[in-house]
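Read the structure below first, then the notes.
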Amino acid sequence: MKLIRLLPLLGLFFMPVGTAMADYVEGTDYERLAAPVATVDPDKVEVVELFWYGCPHCYRLEPDLKQWLKNKPANVVFVRVPAVFRPIWGFHAKVYYTAEVLGVVDQIHEPMFEAMQVQRRKMASVDEVKALFAKYGVSSEKFDNAFNSFAVDAKVRRATDLTQRYGIEGVPALVINGKYVTDGVMAKGHRGMLEVTDYLISKESSSSK
């Protein structure tokens with residue numbers, strides 16, 4: 001069974017903003033992917049967040065990530081990918097992509113996290129999820145059409161493939177430009193993940209000039 005290996009450790013580390021090292025070490029603070037993965041836009045530096053709604057540390061990363069997104073460099077494109085290790089992860093990936101297809105990710109993303117992490121709901125049935133979407137104006141018919149669509153199924157299959165190709169062992173994880181991956185263990189905390197990401201963005205931006 002695939003475990004969220006970051007859970008026991010992330011709470012032990014905290015790196016305040018401004019105390020980041022001037023340089024980071026490959027193999028320690030981040031790893032290079034065995035094989036590069038194509039990005040959505042070769043003219044941009046891509047940052048992929050791999051997450052699962054059932055992961056408490058993914059939920060706790062959200063505030064720092066949200067703040068980081070407000071100030072990310074103009075040449076950076078951010079992509080969320082719901083990791084898929086087990087069937088329930090696949091179900092929640094389907095929920096995320098249903099919201100994406102319907103154009104309501106901004107309304108659904110945080111409430112899904114809160115339903116599972118704060119309200120302790122499993123959100124493991126279509127009826128539970130559909131009720132959440134209804135709160136944000138999505139009719140039962142629109143939900144069913146999107147949830148059962150080829151487009152959503154294709155996105156979930158791609159997320160499953162990317163989870164394997166990125167070689168991650170747990171979530172949350174960040175993949176930078178299809179070449180590097182960091183997580184809370186390597187970067188010593190959530191903020192450390194973002195500091196390492198900034199370093200790798202700078203590295204990739206410089207190499208493309």
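We label chains A, B, ... in the order they appear in the structure tokens, count residues from 1 in each chain, and number ligands from 1 in the order shown.
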
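Residues in contact range of Pro42 in chain A, defined as at most 12 Å between only C-alpha atoms, with sequence neighbours fewer than 5 positions away removed, read A:Val37, A:Asn75, A:Val76, A:Val77, A:Asn177, A:Gly178, A:Glu204, A:Ser205, A:Ser208.
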
Item to check | Shell around Leu65 in chain A at 10 Å using only C-alpha atoms, local window under 6 positions removed, as a PyMOL selection string | outcome: chain A and resi 49+58+72+190-191+193-194

With C-alpha atoms retained, write the just-selected residues as a PDB file, in the first residue's frame.
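The new file out-v9.pdb reads:
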```
ATOM      1  CA  GLU A  49       1.738  20.625  -7.248  1.00  0.00           C
ATOM      2  CA  CYS A  58      -1.495  19.179   1.548  1.00  0.00           C
ATOM      3  CA  LYS A  72       5.147  34.027  -8.508  1.00  0.00           C
ATOM      4  CA  HIS A 190       6.225  23.586   3.576  1.00  0.00           C
ATOM      5  CA  ARG A 191       7.930  26.943   3.271  1.00  0.00           C
ATOM      6  CA  MET A 193       9.461  23.512  -0.434  1.00  0.00           C
ATOM      7  CA  LEU A 194       8.564  26.901  -1.867  1.00  0.00           C
TER       8      LEU A 194
END
```

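Distance check against Gly189 in chain A using only C-alpha atoms: of A:Val129, A:Pro172, A:Met123, A:Ile201, the minimum falls on A:Pro172.
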
Next on the checklist: Based on the backbone DSSP call, show me all residues of range 29-177 of chain A assigned alpha helix (DSSP H), as a count of residues only.
Outcome noted: 77

Checklist entry - Can you list, as number ranges by chain, every protein, DNA or RNA residue that comes within 12 Å of Gln107 in chain A when you count only C-alpha atoms, leaving out same-chain residues fewer than 4 positions away? => result A: 96, 99-100, 102-103, 111-113, 132-138

Find the spatial neighbours of Leu33 in chain A, counting only C-alpha atoms, within a cut-off of 8 Å - ignore same-chain residues fewer than 4 positions away - and output them as a CSV table (one decimal) with all heavy atoms, in the first residue's frame.
```csv
chain,number,residue,atom,x,y,z
A,166,TYR,N,6.6,11.0,-12.4
A,166,TYR,CA,7.3,11.9,-11.5
A,166,TYR,C,8.0,11.2,-10.4
A,166,TYR,O,8.9,11.8,-9.7
A,166,TYR,CB,6.3,13.0,-10.8
A,166,TYR,CG,5.8,14.0,-11.8
A,166,TYR,CD1,4.5,14.4,-11.7
A,166,TYR,CD2,6.6,14.6,-12.8
A,166,TYR,CE1,4.0,15.4,-12.6
A,166,TYR,CE2,6.1,15.6,-13.6
A,166,TYR,CZ,4.8,16.0,-13.5
A,166,TYR,OH,4.3,16.9,-14.4
A,167,GLY,N,7.7,9.9,-10.2
A,167,GLY,CA,8.4,9.1,-9.2
A,167,GLY,C,8.2,9.5,-7.8
A,167,GLY,O,9.1,9.2,-6.9
A,178,GLY,N,9.4,20.0,-15.0
A,178,GLY,CA,9.4,18.6,-15.5
A,178,GLY,C,10.8,17.9,-15.3
A,178,GLY,O,11.1,16.9,-15.9
A,179,LYS,N,11.7,18.6,-14.5
A,179,LYS,CA,13.0,18.1,-14.3
A,179,LYS,C,13.4,17.7,-12.8
A,179,LYS,O,14.1,16.8,-12.6
A,179,LYS,CB,14.0,19.1,-14.7
A,179,LYS,CG,14.0,19.4,-16.2
A,179,LYS,CD,15.0,20.5,-16.5
A,179,LYS,CE,15.0,20.9,-18.0
A,179,LYS,NZ,16.0,22.0,-18.3
A,180,TYR,N,12.8,18.5,-11.9
A,180,TYR,CA,13.2,18.3,-10.5
A,180,TYR,C,11.9,18.2,-9.6
A,180,TYR,O,10.9,18.7,-9.9
A,180,TYR,CB,13.9,19.6,-10.0
A,180,TYR,CG,15.0,20.0,-10.9
A,180,TYR,CD1,14.9,21.1,-11.8
A,180,TYR,CD2,16.3,19.4,-10.9
A,180,TYR,CE1,15.9,21.5,-12.6
A,180,TYR,CE2,17.3,19.8,-11.7
A,180,TYR,CZ,17.1,20.8,-12.6
A,180,TYR,OH,18.1,21.2,-13.4
A,181,VAL,N,12.1,17.5,-8.5
A,181,VAL,CA,11.0,17.3,-7.5
A,181,VAL,C,11.5,17.6,-6.1
A,181,VAL,O,12.7,17.3,-5.8
A,181,VAL,CB,10.4,15.9,-7.6
A,181,VAL,CG1,11.4,14.8,-7.3
A,181,VAL,CG2,9.2,15.8,-6.7
```

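Excluding range 81-87 of chain A and any residue on its chain fewer than 6 positions from it, the residues at most 7 Å away by only C-alpha atoms are A:Lys2, A:Val48, A:Glu49, A:Leu50, A:Phe51, A:Trp52, A:Ala93, A:Ala159, A:Thr160, A:Thr163.
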
Selection to disk with C-alpha atoms, as a PDB file, in the first residue's frame:
```pdb
ATOM      1  CA  LYS A   2       1.345   3.412  -0.939  1.00  0.00           C
ATOM      2  CA  VAL A  48       3.316  21.230 -10.647  1.00  0.00           C
ATOM      3  CA  GLU A  49       1.738  20.625  -7.248  1.00  0.00           C
ATOM      4  CA  LEU A  50       0.834  17.000  -6.541  1.00  0.00           C
ATOM      5  CA  PHE A  51      -1.776  16.712  -3.800  1.00  0.00           C
ATOM      6  CA  TRP A  52      -4.597  14.645  -2.333  1.00  0.00           C
ATOM      7  CA  ALA A  93      -8.902  13.260  -8.741  1.00  0.00           C
ATOM      8  CA  ALA A 159      -2.822  12.298 -13.552  1.00  0.00           C
ATOM      9  CA  THR A 160      -2.282   8.614 -12.765  1.00  0.00           C
ATOM     10  CA  THR A 163       2.093  10.383 -10.569  1.00  0.00           C
TER      11      THR A 163
END
```

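The gap separating CA of Gly192 in chain A from CA of His109 in chain A is 23.2 Å, in Å to one decimal.
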
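Among the candidate residues A:Val196, A:Glu141, A:Glu110, A:Ala124, the one lying nearest to Pro63 in chain A is A:Glu110, with distances computed using only C-alpha atoms.
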
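Considering only range 84-191 of chain A, backbone DSSP assigns strand (DSSP E or B) to Ala173, Leu174, Val175, Ile176, Tyr180, Val181, Thr182 and Asp183 of chain A.
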
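The nearest approach to Asp106 in chain A among the residues A:Gly170, A:Val126, A:Pro56, A:Lys66, with only C-alpha atoms taken into account, belongs to A:Lys66.
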
Item to check | CA of Val105 in chain A to CA of Val152 in chain A, straight-line distance in Å | outcome: 13.4 Å

Next on the checklist: Which residue is closest to Leu200 in chain A? Choose from A:Gly184, A:Asp144, A:Asp41, A:Ile176 and count only C-alpha atoms.
Outcome noted: A:Ile176
